[in-house]
Structure formats: structure tokens, C-alpha cells
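K.L.:
Just so it is clear, I am handing over run.txt, which has compact mmCIF, C-alpha atoms and all ligand atoms.
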# COMPACT_ATOMS: atom_id res chain seq x y z
CA MET A 1 -1.57 -42.56 -12.50
CA THR A 2 -2.90 -40.50 -15.41
CA ARG A 3 -5.89 -39.63 -13.26
CA LYS A 4 -3.59 -38.31 -10.53
CA LEU A 5 -1.67 -36.25 -13.03
CA GLY A 6 -4.94 -34.89 -14.36
CA LEU A 7 -5.97 -33.79 -10.87
CA LEU A 8 -2.58 -32.21 -10.33
CA ALA A 9 -2.89 -30.27 -13.59
CA LEU A 10 -6.37 -29.13 -12.56
CA PHE A 11 -5.03 -28.00 -9.19
CA ILE A 12 -2.20 -26.02 -10.78
CA ALA A 13 -4.59 -24.46 -13.30
CA SER A 14 -7.03 -23.31 -10.61
CA ALA A 15 -4.19 -21.92 -8.48
CA ALA A 16 -3.09 -19.88 -11.51
CA VAL A 17 -6.64 -18.59 -12.01
CA LEU A 18 -6.86 -17.58 -8.34
CA ALA A 19 -3.51 -15.80 -8.54
CA ALA A 20 -4.63 -13.90 -11.62
CA ALA A 21 -7.90 -12.87 -9.97
CA GLN A 22 -6.10 -11.25 -7.01
CA PRO A 23 -4.51 -7.98 -8.17
CA ASN A 24 -0.89 -7.79 -7.08
CA GLY A 25 -0.30 -4.38 -5.48
CA SER A 26 3.47 -4.71 -5.57
CA ALA A 27 3.46 -5.54 -9.31
CA ILE A 28 1.09 -2.64 -10.06
CA PHE A 29 3.32 -0.24 -8.11
CA LYS A 30 6.41 -1.44 -10.01
CA GLU A 31 4.65 -1.07 -13.34
CA HIS A 32 2.91 2.31 -12.88
CA CYS A 33 4.28 4.18 -9.87
CA THR A 34 8.03 3.68 -9.42
CA SER A 35 8.87 6.12 -12.22
CA CYS A 36 7.74 8.95 -9.94
CA HIS A 37 7.71 7.35 -6.47
CA GLY A 38 11.03 5.46 -6.71
CA ASP A 39 11.70 1.71 -6.86
CA ASP A 40 11.40 1.42 -3.08
CA GLY A 41 8.59 4.01 -2.70
CA LYS A 42 10.94 6.37 -0.89
CA GLY A 43 10.08 9.18 -3.25
CA ILE A 44 12.19 11.24 -5.66
CA ALA A 45 13.09 14.70 -4.37
CA THR A 46 13.27 16.36 -7.80
CA ILE A 47 9.73 15.15 -8.62
CA GLY A 48 8.41 16.06 -5.18
CA THR A 49 7.05 12.64 -4.27
CA PRO A 50 6.73 11.73 -0.58
CA ASP A 51 8.68 8.97 1.21
CA PHE A 52 6.13 6.18 1.74
CA THR A 53 8.51 4.43 4.14
CA SER A 54 8.36 7.40 6.53
CA ALA A 55 6.12 7.07 9.60
CA LYS A 56 5.38 10.80 9.39
CA ILE A 57 4.01 10.50 5.82
CA GLN A 58 2.04 7.33 6.63
CA ASN A 59 0.50 8.88 9.74
CA SER A 60 -0.57 11.93 7.74
CA LEU A 61 -2.61 9.79 5.33
CA THR A 62 -5.83 7.89 5.95
CA ASP A 63 -6.57 4.76 3.89
CA GLN A 64 -9.37 6.71 2.21
CA GLU A 65 -7.03 9.58 1.30
CA ILE A 66 -4.60 7.14 -0.30
CA ILE A 67 -7.39 5.56 -2.36
CA THR A 68 -8.86 8.95 -3.33
CA THR A 69 -5.45 10.30 -4.37
CA ILE A 70 -4.75 7.26 -6.53
CA THR A 71 -8.26 7.32 -8.03
CA ASP A 72 -8.56 11.05 -8.75
CA GLY A 73 -4.93 12.17 -8.77
CA ARG A 74 -3.78 15.39 -7.08
CA LYS A 75 -4.90 18.57 -8.80
CA GLY A 76 -2.10 21.03 -9.45
CA THR A 77 0.55 18.29 -9.31
CA ILE A 78 1.70 15.65 -11.79
CA MET A 79 0.14 12.85 -9.68
CA PRO A 80 -2.17 11.29 -12.30
CA ALA A 81 -5.73 10.01 -11.79
CA TRP A 82 -5.79 6.23 -12.23
CA LYS A 83 -9.56 5.97 -12.55
CA GLY A 84 -10.25 4.18 -15.83
CA MET A 85 -6.63 2.98 -16.04
CA LEU A 86 -6.80 0.68 -13.01
CA SER A 87 -9.84 -1.20 -11.71
CA GLY A 88 -11.21 -0.56 -8.22
CA GLY A 89 -9.62 -3.82 -7.07
CA GLU A 90 -6.26 -2.83 -8.52
CA ILE A 91 -6.44 0.59 -6.84
CA ALA A 92 -7.27 -1.06 -3.49
CA ALA A 93 -4.37 -3.50 -3.95
CA VAL A 94 -1.81 -0.81 -4.80
CA ALA A 95 -3.15 1.38 -1.95
CA SER A 96 -2.57 -1.39 0.57
CA TYR A 97 0.89 -1.94 -0.96
CA VAL A 98 1.63 1.78 -0.38
CA ARG A 99 0.48 1.27 3.22
CA SER A 100 2.69 -1.80 3.61
CA LEU A 101 5.78 0.29 2.81
CA GLY A 102 5.32 2.25 6.05
CA PRO A 103 6.98 1.30 9.34
CA THR A 104 3.73 1.54 11.34
CA ASN A 105 1.90 -1.16 9.42
CA GLY A 106 1.23 -4.63 10.73
CA PRO A 107 0.82 -6.26 14.11
CA GLY A 108 3.41 -5.66 16.78
CA LYS A 109 4.55 -2.39 15.24
CA ALA A 110 3.70 1.12 16.37
CA GLY A 111 0.03 1.84 17.01
CA PRO A 112 -1.83 5.07 16.15
CA GLN A 113 0.04 7.07 18.79
CA GLY A 114 3.37 5.80 17.52
CA GLN A 115 3.61 3.52 20.52
CA PRO A 116 3.87 -0.24 20.03
CA LYS A 117 0.53 -1.86 20.89
CA ALA A 118 2.03 -4.26 23.42
CA VAL A 119 3.70 -1.38 25.26
CA ALA A 120 0.49 0.67 25.27
CA SER A 121 -1.57 -2.12 26.82
CA HIS A 122 1.21 -2.91 29.30
CA ALA A 123 1.20 0.74 30.35
CA ALA A 124 -2.59 0.60 30.76
CA ASN A 125 -2.24 -2.49 32.96
CA LEU A 126 0.37 -0.78 35.12
CA GLN A 127 -1.90 2.21 35.50
CA ARG A 128 -4.81 -0.02 36.51
CA ALA A 129 -2.63 -1.89 39.02
CA SER A 130 -1.59 1.32 40.77
CA TYR A 131 -5.19 2.23 41.68
C1 LIG B 201 3.93 11.22 -13.10
C2 LIG B 201 4.41 11.01 -11.77
C3 LIG B 201 3.59 10.14 -10.83
C4 LIG B 201 3.12 8.85 -11.05
C5 LIG B 201 3.28 8.00 -12.28
C6 LIG B 201 2.46 8.46 -9.82
N1 LIG B 201 2.52 9.47 -8.89
FE1 LIG B 201 1.71 9.44 -7.01
N2 LIG B 201 2.32 11.34 -6.69
C7 LIG B 201 3.08 12.09 -7.59
C8 LIG B 201 3.38 13.39 -6.98
C9 LIG B 201 4.22 14.49 -7.61
C10 LIG B 201 2.76 13.38 -5.70
C11 LIG B 201 2.77 14.49 -4.67
C12 LIG B 201 1.59 15.38 -4.86
C13 LIG B 201 1.57 16.51 -3.86
O1 LIG B 201 2.54 17.26 -3.79
O2 LIG B 201 0.59 16.59 -3.14
C14 LIG B 201 2.09 12.10 -5.58
C15 LIG B 201 1.35 11.73 -4.47
C16 LIG B 201 0.84 10.47 -4.26
C17 LIG B 201 0.12 10.06 -3.09
C18 LIG B 201 -0.25 10.96 -1.91
C19 LIG B 201 0.90 11.10 -0.95
C20 LIG B 201 0.70 12.17 0.08
O3 LIG B 201 1.61 12.33 0.90
O4 LIG B 201 -0.32 12.86 0.07
C21 LIG B 201 -0.18 8.74 -3.24
C22 LIG B 201 -0.91 7.85 -2.24
C23 LIG B 201 0.35 8.34 -4.52
N3 LIG B 201 0.94 9.40 -5.13
C24 LIG B 201 0.25 7.06 -5.04
C25 LIG B 201 0.62 6.71 -6.35
C26 LIG B 201 0.41 5.40 -6.90
C27 LIG B 201 -0.16 4.21 -6.16
C28 LIG B 201 0.83 5.46 -8.19
C29 LIG B 201 0.78 4.34 -9.23
C30 LIG B 201 -0.53 3.74 -9.50
C31 LIG B 201 1.32 6.80 -8.44
N4 LIG B 201 1.18 7.52 -7.28
C32 LIG B 201 1.86 7.23 -9.63
C33 LIG B 201 3.51 11.72 -8.84
C34 LIG B 201 3.20 10.50 -9.47
Mind turning this structure into C-alpha cells?
P.N.:
Amino acid sequence: MTRKLGLLALFIASAAVLAAAQPNGSAIFKEHCTSCHGDDGKGIATIGTPDFTSAKIQNSLTDQEIITTITDGRKGTIMPAWKGMLSGGEIAAVASYVRSLGPTNGPGKAGPQGQPKAVASHAANLQRASY
């Protein structure tokens, strides 16, 4: 019985260590970014921050641009450089959180041309069938 409890405690402890090792993009965003980007990432007009939930904004940004902007900031604007404040892993985590706010992210949603993937491949099949 005590042995089982010991194993359980060990399991819980290692789960906690794993959780701590994985930077939480959502938590980082809430802590450092919402003051300028809004609680929901929709941006604040008076500050001039973009709406991360907009497909247009998301499509205008590559993953690399998001990471570079977070790392180095945006010269001439108040967007700060997070290099030295956040680790590379934390920057990657918050960058993918920014991505996740967009409507085009994830399977089954709009592909690069703004067309859902399933529809695009269905259209390709139809085209092939008509030859
Ligand atoms: C002091 C205010 C401020 C804080 C804090 C801030 N930002 Fe920004 N951010 C801005 C502004 C202003 C812009 C728009 C810059 C421009 O006009 O190009 C911006 C732009 C961006 C962009 C580029 C968007 C685009 O359309 O090009 C990304 C990505 C971004 N911020 C992510 C973050 C993340 C992630 C954090 C938190 C780690 C953060 N920002 C914290 C003010 C801030």
C-alpha cells in the first residue's frame, strides 16, 4: 500500500516536472503581451496592435516573421524585443500561441489559399474526373 502511494507520488512529481519543462505559450502571452495585444489577442486600436484572430493578419505573417518580431521587437514601434527576457523555447511557445489565435490554424480549417483543405482536394478530384 505504502509502496503504491510512493509510486503515485513519484508519478505526480514527474508529471509536474514535465509540465514545468514545457513553456506554456498561453500563460506567457497573458503575462507579457495582453497589456498591448489585448486579453484575447484581438489588438488594441489606440496602441496600434494587430488583431491576431484575423485571417488577414495571420496570412500576412510567416512563422519566422512572428518569431523574429517577438525576438527583436519592431523598430520604430513600442513592440519590445523579448530576447534576453524570454528563452528561445518560451518565444517559440508564445509564437505558436499567437498562431493558434488565428482562424486558419489547425486541421480542417482554411488552407493557404483560404480554402478548406478538404474542399481543395475534392475540387482537384473533380477536375481529374472530368478529363
Ligand atoms: C508595449 C506594448 C507591447 C507589448 C508588451 C507587446 N507588443 Fe507585440 N506589438 C506591439 C505593437 C505596437 C505592434 C505593432 C507594430 C507595428 O506597427 O508594426 C506589435 C506587433 C507584434 C507582432 C507582429 C504583428 C504584425 O502584424 O506584424 C507580433 C507577432 C507581436 N507583436 C507579438 C507579441 C508578443 C508575443 C508579445 C509578448 C511576449 C508582445 N507582442 C508584447 C506592442 C507590444
K.L.:
In Å, with one decimal, what is the gap from atom CA of Ala93 of chain A to atom CA of Gly25 of chain A?
P.N.:
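About the pair atom CA of Ala93 of chain A and atom CA of Gly25 of chain A: they are 4.4 Å apart.
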K.L.:
Around ligand LIG 201 (chain B), which protein and nucleic acid residues have at least one atom no more than 9 Å from it, if we count all atoms listed in the file? List them as a CSV table (one decimal) with C-alpha atoms, keeping the file's coordinate frame.
P.N.:
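Result file is result.csv:
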chain,number,residue,atom,x,y,z
A,25,GLY,CA,-0.3,-4.4,-5.5
A,28,ILE,CA,1.1,-2.6,-10.1
A,29,PHE,CA,3.3,-0.2,-8.1
A,30,LYS,CA,6.4,-1.4,-10.0
A,31,GLU,CA,4.6,-1.1,-13.3
A,32,HIS,CA,2.9,2.3,-12.9
A,33,CYS,CA,4.3,4.2,-9.9
A,34,THR,CA,8.0,3.7,-9.4
A,35,SER,CA,8.9,6.1,-12.2
A,36,CYS,CA,7.7,9.0,-9.9
A,37,HIS,CA,7.7,7.4,-6.5
A,43,GLY,CA,10.1,9.2,-3.2
A,44,ILE,CA,12.2,11.2,-5.7
A,47,ILE,CA,9.7,15.2,-8.6
A,48,GLY,CA,8.4,16.1,-5.2
A,49,THR,CA,7.0,12.6,-4.3
A,50,PRO,CA,6.7,11.7,-0.6
A,51,ASP,CA,8.7,9.0,1.2
A,52,PHE,CA,6.1,6.2,1.7
A,57,ILE,CA,4.0,10.5,5.8
A,58,GLN,CA,2.0,7.3,6.6
A,60,SER,CA,-0.6,11.9,7.7
A,61,LEU,CA,-2.6,9.8,5.3
A,63,ASP,CA,-6.6,4.8,3.9
A,65,GLU,CA,-7.0,9.6,1.3
A,66,ILE,CA,-4.6,7.1,-0.3
A,67,ILE,CA,-7.4,5.6,-2.4
A,68,THR,CA,-8.9,9.0,-3.3
A,69,THR,CA,-5.4,10.3,-4.4
A,70,ILE,CA,-4.8,7.3,-6.5
A,71,THR,CA,-8.3,7.3,-8.0
A,73,GLY,CA,-4.9,12.2,-8.8
A,74,ARG,CA,-3.8,15.4,-7.1
A,75,LYS,CA,-4.9,18.6,-8.8
A,76,GLY,CA,-2.1,21.0,-9.4
A,77,THR,CA,0.6,18.3,-9.3
A,78,ILE,CA,1.7,15.6,-11.8
A,79,MET,CA,0.1,12.8,-9.7
A,80,PRO,CA,-2.2,11.3,-12.3
A,81,ALA,CA,-5.7,10.0,-11.8
A,82,TRP,CA,-5.8,6.2,-12.2
A,85,MET,CA,-6.6,3.0,-16.0
A,86,LEU,CA,-6.8,0.7,-13.0
A,90,GLU,CA,-6.3,-2.8,-8.5
A,91,ILE,CA,-6.4,0.6,-6.8
A,94,VAL,CA,-1.8,-0.8,-4.8
A,95,ALA,CA,-3.2,1.4,-2.0
A,97,TYR,CA,0.9,-1.9,-1.0
A,98,VAL,CA,1.6,1.8,-0.4
A,99,ARG,CA,0.5,1.3,3.2
K.L.:
Could you tell me how far atom CA of Ser54 of chain A lies from atom CA of Ala92 of chain A, in Å and to one decimal?
P.N.:
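Atom CA of Ala92 of chain A lies at a distance of 20.4 Å from atom CA of Ser54 of chain A.
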K.L.:
Using atom CA of Pro23 of chain A and atom CA of Ser100 of chain A as the two end points, give the distance in Å to one decimal.
P.N.:
15.1 Å
